[in-house]
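Visitor: Handing you this structure, nothing more for now.
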Amino acid sequence: MNILQIALRAIPVTLRWLLMAPWLLVGAARLLPRLPPPLLRRTRCPRGHEVRLHGVWQCACGALFAGHAFQDCPVCGQAAGWTSCDCGLAVRRGP
Ligand SMILES: [Zn+2]
Ligand SMILES: [Zn+2]
């Protein structure tokens with residue numbers, strides 16, 4: 001195989017990467033808002049009870065993990081959208 005053949009073979013791969021690059025960036029941009037871990041340690045339920053957000057949690061996938069209630073699950077990667085107060089009311093993710 002001479003240098004020209006190697007160069008010709010490399011072109012489609014390069015083109016493929018150029019075509020994929022914008023999509024990779026879009027994918028990375030989608031992940032960005034999830035990267036900073038939620039810093040809020042406590043929040044309140046709709047009835048005003050204080051709800052601690054650090055502790056041991058069970059993900060919908062069944063995995064138990066220690067950390068923040070709304071962090072990504074270390075097993076399935078999904079973050080909970082809500083947790084429940086001791087009074088049973090749902091506490092949504094976010095302020
Ligand atoms: Zn999970
Ligand atoms: Zn409550």
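The chains in the structure tokens are called A, B, ... from first to last as shown; in each chain the residues are counted from 1, and the ligands are counted from 1 in the order shown.
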What residues have any atom no more than 7 Å from ligand 1 when counting only C-alpha atoms and all ligand atoms, and can you list them as a list of chain:residue names?

Guide: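 Going residue by residue within 7 Å of ligand 1, we get A:Cys59, A:Ala60, A:Cys61, A:Gly62, A:Ala63, A:Cys73, A:Pro74, A:Val75, A:Cys76, A:Gly77, A:Gln78.
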
Visitor: Could you go through chain A and tell me which residues DSSP, when run on the backbone, assigns to alpha helix (DSSP H), listing them as a PyMOL selection string?

Guide: chain A and resi 3-31

Visitor: What's the separation between atom CA of Gly81 of chain A and atom 1 (Zn, counted along the ligand's line) of ligand 2, in Å to one decimal place?

Guide: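 Atom 1 (Zn, counted along the ligand's line) of ligand 2 lies at a distance of 16.7 Å from atom CA of Gly81 of chain A.
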
Visitor: List every residue of chain A that DSSP, applied to the backbone, labels as strand (DSSP E), and write the result as a list in words.

Guide: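 Residues meeting the strand (DSSP E) criterion: Arg42, Thr43, Arg44, Glu50, Val51, Arg52, His54, Gly55, Val56, Trp57, Gln58, Leu64, Phe65, Ala66, Gly67, His68, Trp82, Thr83, Ser84, Ala90, Val91 and Arg92 of chain A.
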
Visitor: Taking only C-alpha atoms and all ligand atoms into account, list the residues no farther than 10 Å from ligand 2, as a PyMOL selection string.

Guide: chain A and resi 44-51+84-91

Visitor: Can you tell me how far atom CA of Phe70 of chain A sits from atom CA of Arg93 of chain A, in Å to one decimal?

Guide: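 If I compute the distance from atom CA of Phe70 of chain A to atom CA of Arg93 of chain A, I get 6.5 Å.
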
Visitor: Near Arg52 of chain A, counting only C-alpha atoms, which residues have an atom at most 8 Å away, once you skip same-chain residues fewer than 6 positions from it, shown as JSON, numbers by chain?

Guide: {"A": [41, 42, 43]}

Visitor: Output the selection as a PDB file, in the first residue's frame - C-alpha atoms for each residue.

Guide:
ATOM      1  CA  ARG A  41     -28.653  20.694  50.842  1.00  0.00           C
ATOM      2  CA  ARG A  42     -32.161  21.311  52.079  1.00  0.00           C
ATOM      3  CA  THR A  43     -35.442  22.348  50.575  1.00  0.00           C
TER       4      THR A  43
END

Visitor: Which value, in Å to one decimal, gives the distance between atom CA of Ala21 of chain A and atom CA of Arg9 of chain A?

Guide: 19.4 Å
